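Asks: Below is the file entry.txt, with compact mmCIF, C-alpha atoms.
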```
# COMPACT_ATOMS: atom_id res chain seq x y z
CA MET A 287 -14.12 -5.70 2.74
CA ILE A 288 -13.05 -5.12 -0.82
CA VAL A 289 -9.37 -5.90 -1.36
CA GLY A 290 -7.31 -4.26 -4.06
CA THR A 291 -3.70 -3.60 -4.98
CA ARG A 292 -2.04 -0.65 -6.62
CA LYS A 293 -1.41 -0.86 -10.33
CA PRO A 294 2.23 -0.61 -11.45
CA LEU A 295 3.38 3.00 -11.35
CA ALA A 296 4.28 2.96 -15.06
CA GLU A 297 0.71 1.96 -15.97
CA ILE A 298 -0.74 4.72 -13.81
CA GLN A 299 1.68 7.26 -15.21
CA ASP A 300 0.79 6.28 -18.74
CA MET A 301 -2.95 6.74 -18.06
CA VAL A 302 -2.62 10.31 -16.83
CA LYS A 303 0.43 11.62 -18.67
CA LYS A 304 -1.54 13.91 -20.99
CA TYR A 305 -2.95 15.94 -18.10
CA ASP A 306 -1.32 18.75 -16.13
CA ARG A 307 -3.52 18.93 -13.03
CA LEU A 308 -4.43 15.73 -11.26
CA LEU A 309 -6.57 14.92 -8.24
CA LEU A 310 -5.78 11.73 -6.34
CA ALA A 311 -8.88 10.51 -4.54
CA GLY A 312 -8.57 7.94 -1.78
CA CYS A 313 -11.16 5.91 0.07
CA ASP A 314 -10.69 5.45 3.80
CA THR A 315 -12.68 2.26 4.27
CA CYS A 316 -11.88 -1.10 2.61
CA VAL A 317 -8.86 -0.12 0.55
CA ALA A 318 -7.41 1.78 3.51
CA GLU A 319 -7.63 -1.41 5.57
CA CYS A 320 -5.75 -3.34 2.92
CA ALA A 321 -3.19 -0.52 2.64
CA SER A 322 -3.76 0.25 -1.01
CA GLY A 323 -6.07 3.25 -1.26
CA GLY A 324 -6.38 5.18 2.00
CA ARG A 325 -5.02 8.65 2.63
CA ARG A 326 -1.53 7.32 3.35
CA GLU A 327 -1.42 5.51 0.04
CA VAL A 328 -2.77 8.62 -1.69
CA ALA A 329 0.11 10.61 -0.23
CA GLU A 330 2.62 7.93 -1.29
CA LEU A 331 1.32 7.79 -4.83
CA ALA A 332 1.16 11.59 -5.10
CA ALA A 333 4.82 11.92 -4.14
CA ALA A 334 5.80 9.00 -6.35
CA LEU A 335 3.99 10.40 -9.39
CA GLN A 336 5.46 13.83 -8.72
CA MET A 337 8.95 12.36 -8.83
CA ALA A 338 8.29 10.05 -11.78
CA PHE A 339 6.88 12.89 -13.89
CA ARG A 340 9.71 15.18 -12.83
CA LEU A 341 12.23 12.61 -14.03
CA ALA A 342 10.30 12.55 -17.32
CA GLY A 343 10.66 16.33 -17.55
CA LYS A 344 7.14 17.28 -16.54
CA GLU A 345 5.98 19.22 -13.47
CA MET A 346 2.58 17.78 -12.55
CA ASP A 347 0.16 19.66 -10.28
CA ILE A 348 -1.16 16.94 -7.96
CA GLN A 349 -3.85 17.47 -5.32
CA GLU A 350 -4.94 14.93 -2.73
CA ALA A 351 -8.34 14.14 -1.24
CA SER A 352 -9.80 11.22 0.65
CA VAL A 353 -13.34 10.38 1.67
CA ASP A 354 -14.80 7.83 4.04
CA ARG A 355 -16.54 5.86 1.31
CA GLN A 356 -16.12 6.56 -2.36
CA CYS A 357 -18.94 4.15 -3.26
CA VAL A 358 -21.57 6.31 -1.51
CA HIS A 359 -22.57 9.45 -3.36
CA GLU A 360 -23.21 11.50 -0.22
CA PHE A 361 -19.56 11.11 0.78
CA LEU A 362 -18.25 12.39 -2.54
CA LEU A 363 -19.05 16.08 -2.20
CA ASP A 364 -15.54 17.18 -1.20
CA VAL A 365 -13.89 15.19 -3.97
CA VAL A 366 -16.35 16.44 -6.57
CA GLU A 367 -15.64 20.00 -5.50
CA ALA A 368 -11.86 19.49 -5.55
CA ALA A 369 -12.11 17.87 -8.96
CA GLN A 370 -13.43 21.09 -10.49
CA GLU A 371 -9.88 22.49 -10.36
CA THR A 372 -8.22 19.51 -12.05
CA ASP A 373 -7.96 17.97 -15.50
CA ALA A 374 -8.43 14.37 -14.37
CA VAL A 375 -9.02 12.27 -11.28
CA LEU A 376 -7.07 9.21 -10.26
CA SER A 377 -9.14 7.15 -7.87
CA LEU A 378 -7.57 4.80 -5.34
CA ALA A 379 -10.93 3.24 -4.50
CA CYS A 380 -12.28 -0.12 -5.59
CA GLY A 381 -14.03 -0.39 -8.94
CA ALA A 382 -17.34 0.59 -7.36
CA GLY A 383 -15.82 3.75 -5.93
CA VAL A 384 -14.21 4.68 -9.24
CA GLN A 385 -17.55 4.34 -11.00
CA ALA A 386 -19.47 6.26 -8.36
CA LEU A 387 -16.99 9.09 -8.72
CA ALA A 388 -17.11 8.98 -12.53
CA ASP A 389 -20.89 9.13 -12.31
CA ARG A 390 -20.62 12.34 -10.31
CA LEU A 391 -18.02 13.85 -12.65
CA PRO A 392 -19.51 13.59 -16.15
CA GLU A 393 -17.01 16.07 -17.62
CA THR A 394 -13.86 14.90 -15.88
CA PRO A 395 -11.93 11.75 -16.80
CA VAL A 396 -11.62 9.35 -13.86
CA PHE A 397 -8.97 6.62 -13.84
CA PRO A 398 -8.39 3.64 -11.53
CA ALA A 399 -5.12 3.45 -9.64
CA LEU A 400 -5.95 0.05 -8.17
CA ASN A 401 -6.83 -3.38 -9.41
CA THR A 402 -9.83 -4.54 -7.40
CA LEU A 403 -9.37 -8.18 -6.44
CA PHE A 404 -11.86 -9.73 -4.05
CA ILE A 405 -14.03 -9.63 -0.92
CA GLY A 406 -11.65 -10.65 1.79
CA GLU A 407 -10.52 -10.83 5.35
CA THR A 408 -7.47 -9.36 7.06
CA ALA A 409 -6.00 -12.67 8.19
CA GLN A 410 -2.90 -11.15 9.75
CA ARG A 411 -0.86 -7.98 9.36
CA GLY A 412 -0.05 -7.69 5.66
CA LEU A 413 -2.07 -10.75 4.61
CA TRP A 414 -5.53 -10.54 3.05
CA LEU A 415 -7.43 -13.62 1.97
CA GLU A 416 -10.27 -14.08 -0.49
CA ASN A 417 -13.09 -15.44 1.63
CA CYS A 418 -16.20 -14.52 -0.32
CA ARG A 419 -17.09 -14.46 -3.99
CA GLY A 420 -20.50 -12.89 -3.57
CA CYS A 421 -22.17 -15.96 -5.08
CA GLY A 422 -25.59 -14.74 -3.95
CA ASN A 423 -26.55 -18.00 -2.25
CA CYS A 424 -24.54 -18.36 0.94
CA MET A 425 -23.89 -21.91 2.14
CA LEU A 426 -21.70 -21.08 5.15
CA GLY A 427 -24.38 -22.50 7.44
CA LEU A 428 -23.75 -25.93 5.97
CA THR A 429 -19.98 -25.76 5.99
CA GLY A 430 -19.11 -24.61 9.47
CA GLY A 431 -18.55 -21.00 8.46
CA ILE A 432 -15.84 -21.83 5.91
CA CYS A 433 -16.69 -21.00 2.30
CA PRO A 434 -15.83 -23.70 -0.24
CA VAL A 435 -16.88 -21.46 -3.13
CA SER A 436 -14.08 -18.97 -2.46
CA ARG A 437 -11.57 -21.00 -0.44
CA CYS A 438 -11.59 -24.28 -2.38
CA ALA A 439 -9.57 -23.83 -5.57
CA LYS A 440 -12.19 -25.84 -7.44
CA SER A 441 -15.16 -24.30 -5.62
CA LEU A 442 -16.36 -27.83 -4.86
CA LEU A 443 -19.71 -27.98 -3.12
CA ASN A 444 -19.04 -31.54 -1.92
CA GLY A 445 -15.38 -32.03 -1.15
CA PRO A 446 -12.58 -32.62 -0.75
CA CYS A 447 -11.16 -33.61 -4.11
CA GLY A 448 -8.38 -36.16 -4.40
CA GLY A 449 -5.62 -33.57 -4.57
CA ALA A 450 -5.30 -32.60 -0.92
CA ARG A 451 -1.98 -33.54 0.71
CA ASN A 452 -1.13 -33.08 4.38
CA GLY A 453 -4.01 -30.70 4.83
CA LEU A 454 -2.94 -28.55 1.91
CA CYS A 455 -4.58 -27.78 -1.41
CA GLU A 456 -2.83 -29.18 -4.46
CA ILE A 457 -2.36 -25.71 -5.94
CA ASN A 458 0.65 -25.44 -3.61
CA LEU A 459 2.37 -27.98 -5.87
CA ALA A 460 1.98 -25.81 -8.95
CA LYS A 461 3.58 -22.68 -7.53
CA GLU A 462 5.22 -21.48 -4.35
CA ILE A 463 2.63 -19.81 -2.14
CA THR A 464 3.46 -18.34 1.26
CA PRO A 465 1.70 -19.09 3.51
CA GLU A 466 0.54 -22.31 1.87
CA VAL A 467 -3.13 -22.64 0.92
CA PRO A 468 -4.96 -25.12 3.15
CA CYS A 469 -7.56 -27.52 1.80
CA ALA A 470 -10.83 -25.73 2.58
CA TRP A 471 -12.73 -29.00 2.75
CA LEU A 472 -10.38 -30.44 5.35
CA GLN A 473 -10.83 -27.21 7.30
CA ILE A 474 -14.59 -27.66 7.00
CA TYR A 475 -14.29 -31.25 8.21
CA ASP A 476 -12.12 -30.28 11.20
CA ARG A 477 -14.42 -27.41 12.10
CA LEU A 478 -17.59 -29.52 11.95
CA ALA A 479 -15.86 -32.31 13.90
CA ALA A 480 -14.93 -29.83 16.62
CA LEU A 481 -18.54 -28.60 16.70
CA GLY A 482 -19.86 -32.17 16.81
CA GLU A 483 -21.80 -31.54 13.61
CA LEU A 484 -20.16 -33.90 11.14
CA ASP A 485 -23.60 -35.19 10.23
CA ARG A 486 -24.00 -32.07 8.11
CA LEU A 487 -21.58 -33.62 5.62
CA LEU A 488 -23.87 -36.60 5.09
CA GLU A 489 -26.17 -34.41 3.04
CA LEU A 490 -25.04 -33.84 -0.51
CA THR A 491 -25.26 -30.26 -1.71
CA PRO A 492 -27.08 -30.05 -5.05
CA PRO A 493 -25.64 -28.13 -8.01
CA LYS A 494 -25.47 -24.46 -7.23
CA ASP A 495 -27.80 -21.92 -8.80
CA TRP A 496 -25.22 -19.55 -10.22
CA SER A 497 -27.94 -17.23 -11.54
CA CYS A 498 -27.88 -15.68 -8.05
CA GLY A 499 -24.21 -14.89 -8.63
CA ASP A 500 -22.51 -13.10 -11.47
CA ALA A 501 -23.84 -15.43 -14.16
CA SER A 502 -26.98 -13.48 -14.95
CA GLY A 503 -25.82 -9.97 -15.65
CA PRO A 504 -25.41 -7.02 -13.27
CA ARG A 505 -27.09 -7.67 -9.96
CA ARG A 506 -29.01 -5.15 -7.94
CA VAL A 507 -30.73 -4.92 -4.60
CA VAL A 508 -33.89 -2.89 -4.27
CA ARG A 509 -35.24 -1.92 -0.85
CA GLU A 510 -38.29 0.23 -1.21
CA ASP A 511 -38.39 0.97 2.50
CA GLN A 512 -34.97 2.59 2.17
CA GLN A 513 -35.78 4.66 -0.88
CA ALA A 514 -36.66 8.34 -0.86
CA MET B 95 24.46 26.48 -9.75
CA ASN B 96 26.60 24.87 -7.13
CA GLN B 97 24.18 24.18 -4.30
CA LYS B 98 25.12 22.08 -1.31
CA LEU B 99 23.77 18.56 -1.25
CA ASN B 100 20.86 18.36 1.17
CA VAL B 101 20.68 15.42 3.56
CA VAL B 102 17.59 14.90 5.69
CA LEU B 103 17.75 12.50 8.61
CA MET B 104 14.73 11.10 10.40
CA ALA B 105 16.13 9.88 13.68
CA CYS B 106 14.79 8.12 16.73
CA ARG B 107 15.37 10.23 19.87
CA GLN B 108 16.72 7.24 21.73
CA ALA B 109 19.25 6.38 19.05
CA VAL B 110 20.28 10.01 18.47
CA PRO B 111 19.62 12.04 21.64
CA ASP B 112 21.83 14.88 20.37
CA PRO B 113 21.18 15.60 16.65
CA SER B 114 24.14 17.99 16.48
CA LEU B 115 26.43 14.96 16.62
CA LEU B 116 25.10 14.07 13.17
CA ILE B 117 24.51 17.55 11.77
CA ASN B 118 27.87 19.12 12.63
CA PRO B 119 30.23 16.63 10.96
CA LEU B 120 28.01 16.51 7.86
CA GLU B 121 27.92 20.31 7.59
CA HIS B 122 31.66 20.56 8.19
CA ALA B 123 32.08 18.22 5.26
CA GLY B 124 30.14 20.62 3.04
CA LEU B 125 26.63 19.16 3.11
CA LYS B 126 23.43 20.78 4.24
CA ALA B 127 21.93 18.58 6.95
CA ARG B 128 18.68 18.53 8.88
CA VAL B 129 17.55 16.07 11.54
CA ILE B 130 13.85 15.42 12.13
CA GLN B 131 13.57 13.86 15.57
CA GLU B 132 11.12 11.00 15.93
CA PRO B 133 9.79 9.33 19.08
CA CYS B 134 10.69 6.06 17.35
CA SER B 135 11.92 5.28 13.84
CA SER B 136 8.73 3.27 13.29
CA LYS B 137 6.85 6.57 13.26
CA VAL B 138 8.35 7.34 9.87
CA GLU B 139 5.78 6.52 7.22
CA VAL B 140 6.45 5.61 3.59
CA PHE B 141 4.62 8.68 2.34
CA GLN B 142 6.80 10.91 4.54
CA MET B 143 9.93 9.38 3.05
CA LEU B 144 8.66 9.83 -0.50
CA ARG B 145 7.43 13.36 0.13
CA THR B 146 10.78 14.35 1.60
CA LEU B 147 12.63 13.01 -1.43
CA ALA B 148 10.12 14.72 -3.74
CA SER B 149 10.45 18.07 -2.00
CA ASP B 150 13.92 18.83 -0.70
CA ALA B 151 16.21 15.88 0.03
CA ASP B 152 19.05 14.68 -2.14
CA LEU B 153 19.55 11.90 0.36
CA LEU B 154 17.21 10.72 3.11
CA TRP B 155 18.47 8.65 6.02
CA VAL B 156 16.36 6.97 8.69
CA VAL B 157 18.11 6.24 11.98
CA GLY B 158 16.68 3.84 14.53
CA CYS B 159 17.93 1.74 17.40
CA PRO B 160 19.22 -1.80 16.95
CA GLU B 161 16.19 -4.09 16.87
CA PRO B 162 16.75 -5.70 20.30
CA ALA B 163 17.14 -2.25 21.88
CA CYS B 164 13.97 -0.69 20.48
CA GLN B 165 11.83 0.72 23.29
CA LEU B 166 8.69 0.00 21.29
CA VAL B 167 9.90 -3.60 20.84
CA GLU B 168 9.34 -3.94 17.10
CA GLY B 169 9.76 -0.32 16.02
CA SER B 170 13.14 -0.77 14.32
CA PHE B 171 11.91 -3.94 12.66
CA ARG B 172 8.93 -2.08 11.22
CA MET B 173 11.12 0.83 10.16
CA ALA B 174 13.36 -1.53 8.18
CA LYS B 175 10.32 -3.02 6.43
CA ARG B 176 8.99 0.43 5.55
CA VAL B 177 12.32 1.60 4.24
CA GLY B 178 12.40 -1.52 2.05
CA HIS B 179 8.90 -0.77 0.77
CA ALA B 180 9.80 2.85 0.03
CA GLN B 181 12.94 1.71 -1.81
CA GLU B 182 10.77 -0.55 -3.99
CA TYR B 183 8.69 2.51 -4.82
CA LEU B 184 11.86 4.44 -5.73
CA ARG B 185 12.84 1.67 -8.15
CA GLU B 186 9.43 1.99 -9.83
CA ILE B 187 9.84 5.74 -10.02
CA GLY B 188 13.21 5.31 -11.68
CA LEU B 189 15.17 6.90 -8.85
CA GLU B 190 18.12 5.23 -7.15
CA PRO B 191 16.83 3.36 -4.08
CA GLU B 192 20.14 4.23 -2.43
CA ARG B 193 18.83 7.77 -1.98
CA LEU B 194 17.01 6.33 0.99
CA GLY B 195 19.33 4.83 3.57
CA MET B 196 18.96 3.56 7.08
CA THR B 197 21.07 2.75 10.09
CA GLN B 198 20.29 1.00 13.31
CA LEU B 199 22.52 2.91 15.65
CA PRO B 200 23.31 1.98 19.26
CA ALA B 201 22.84 5.05 21.49
CA ASN B 202 26.03 6.78 22.66
CA ASN B 203 28.27 4.66 20.46
CA GLN B 204 30.73 7.18 18.99
CA GLU B 205 32.36 4.68 16.63
CA ALA B 206 29.04 3.64 15.11
CA LEU B 207 28.00 7.29 14.82
CA ALA B 208 31.23 8.18 13.00
CA ALA B 209 30.76 5.21 10.66
CA THR B 210 27.20 6.35 9.89
CA VAL B 211 28.37 9.89 9.13
CA LYS B 212 31.05 8.50 6.83
CA GLU B 213 28.55 6.28 5.04
CA ILE B 214 26.10 9.17 4.57
CA LEU B 215 28.84 11.45 3.25
CA GLU B 216 30.08 8.88 0.75
CA ARG B 217 26.55 8.04 -0.39
CA ALA B 218 25.59 11.70 -0.86
CA ARG B 219 28.71 12.47 -2.85
CA THR B 220 28.36 9.35 -5.00
CA LEU B 221 24.71 10.02 -5.87
CA GLY B 222 24.90 13.80 -6.20
CA PRO B 223 21.76 15.96 -6.61
CA ASN B 224 18.40 14.25 -6.62
CA PRO B 225 16.89 14.85 -10.08
CA ALA B 226 13.38 14.09 -8.80
CA ARG B 227 13.21 16.78 -6.17
CA VAL B 228 11.82 20.26 -6.61
CA GLY B 229 14.08 22.60 -8.53
CA VAL B 230 16.84 20.18 -9.46
CA SER B 231 15.68 18.89 -12.82
CA VAL B 232 16.02 22.36 -14.37
CA GLU B 233 19.67 22.65 -13.35
CA LYS B 234 21.21 20.27 -15.84
CA GLU B 235 24.74 21.09 -17.02
```
So, in terms of structure tokens, how does the structure I just supplied come out?
Replies:
Amino acid sequence: MIVGTRKPLAEIQDMVKKYDRLLLAGCDTCVAECASGGRREVAELAAALQMAFRLAGKEMDIQEASVDRQCVHEFLLDVVEAAQETDAVLSLACGAGVQALADRLPETPVFPALNTLFIGETAQRGLWLENCRGCGNCMLGLTGGICPVSRCAKSLLNGPCGGARNGLCEINLAKEITPEVPCAWLQIYDRLAALGELDRLLELTPPKDWSCGDASGPRRVVREDQQA
Amino acid sequence: MNQKLNVVLMACRQAVPDPSLLINPLEHAGLKARVIQEPCSSKVEVFQMLRTLASDADLLWVVGCPEPACQLVEGSFRMAKRVGHAQEYLREIGLEPERLGMTQLPANNQEALAATVKEILERARTLGPNPARVGVSVEKE
């Protein structure tokens, strides 16, 4: 899923302060799972903005709406309709959702309430980890299902580096991180050892073709069989 | 305008089986008080706390059981975390986080109940009207 966090309230307030009628649009999939942009968070932010603007001497008309997926146009009909009665839309979706909504609302300003961070996993309650960078050339089959591109701080394709200590990545030395970041390459080693497939590590992985990733401009997927 | 301060309490039914024990002393002391009964204090969501403060509460108080006594095991623990999160939001808003209070109250403990009422009264009087709720910001002296 896409993981994001809410922007500071002051930044959000500053973006929309010139408007009088605001629609807050949530997305009930990824950003609901990471507790930043679902209908609960929409309701929190609506009440918070109401109070913050009131303290600043302004009574803001704030409406709320949430859809299952803001990144899919077919799901946006309710929000697009609700947006006709407002001056601006504040989207609590990921960047893709914000843009899909803006595309559908050519005459209405759309602002992001979140900072979109990464493709991640819910590791435990209240903890989301970056586990995929969308590099476009997945090597999880070689590494026991643990991604060194996203989970190794240096994205080493043949690790570990010399900085690992007691199973931990050296970035733990630079700043306090809770829970501590494990060395992905030691995790890969342990996993392959448990699977009896350590021989996979005897093969060196060649330099990665980053043109499949974000190094060659906006990517797209075309499936003619899915098209109208 | 000299309106009564409005206190809203969101209280676990186990911790406060009889809401009048909270409402009556607060109203006798000159406050307006309302108790919203909850099956467990963990049912109180952050957005409900913020909405209540945005709409009608000068002071909001969440009452749960002591953590070891919670029937849902970790309900009071979760409630405390949520109250903390909502208070962080209040700081960002620029509103006193003390406008949201909480107590973990043993059921049928009259002394603890009286202490909670006293704390709520003092807090409400110290903070006064909530400038971020509907209708208050226009009533400046």
Asks: Record the distance separating CA of Gly448 (chain A) and CA of Ala479 (chain A), expressed in Å with one decimal.
Replies: 20.1 Å
Asks: Report, in Å with one decimal, the straight-line distance from CA of Leu413 (chain A) to CA of Cys320 (chain A).
Replies: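 Taking CA of Leu413 (chain A) and CA of Cys320 (chain A), their separation equals 8.4 Å.
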Asks: Based on only C-alpha atoms, which of the residues in chain A come within 7 Å of chain B? I want them as a list in words.
Replies: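 Residues satisfying the distance criterion: Leu295, Arg326, Ala329, Glu330, Ala333, Ala334, Gln336, Met337, Ala338, Arg340 and Leu341 of chain A.
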Asks: Rank nothing, just name the residue among A:Leu378, A:Ala296, A:Val384, A:Leu309 nearest to Glu350 (chain A), using all atoms listed in the file.
Replies: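 So, comparing all the options, the nearest one is A:Leu309.
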Asks: With 4 Å on each side, where is the centre of the axis-aligned box around all listed atoms of region 115-128 of chain B, and how long are its edges in Å to one decimal, as JSON?
Replies:
```
{"center_x": 25.4, "center_y": 17.4, "center_z": 9.8, "size_x": 21.4, "size_y": 14.7, "size_z": 21.6}
```
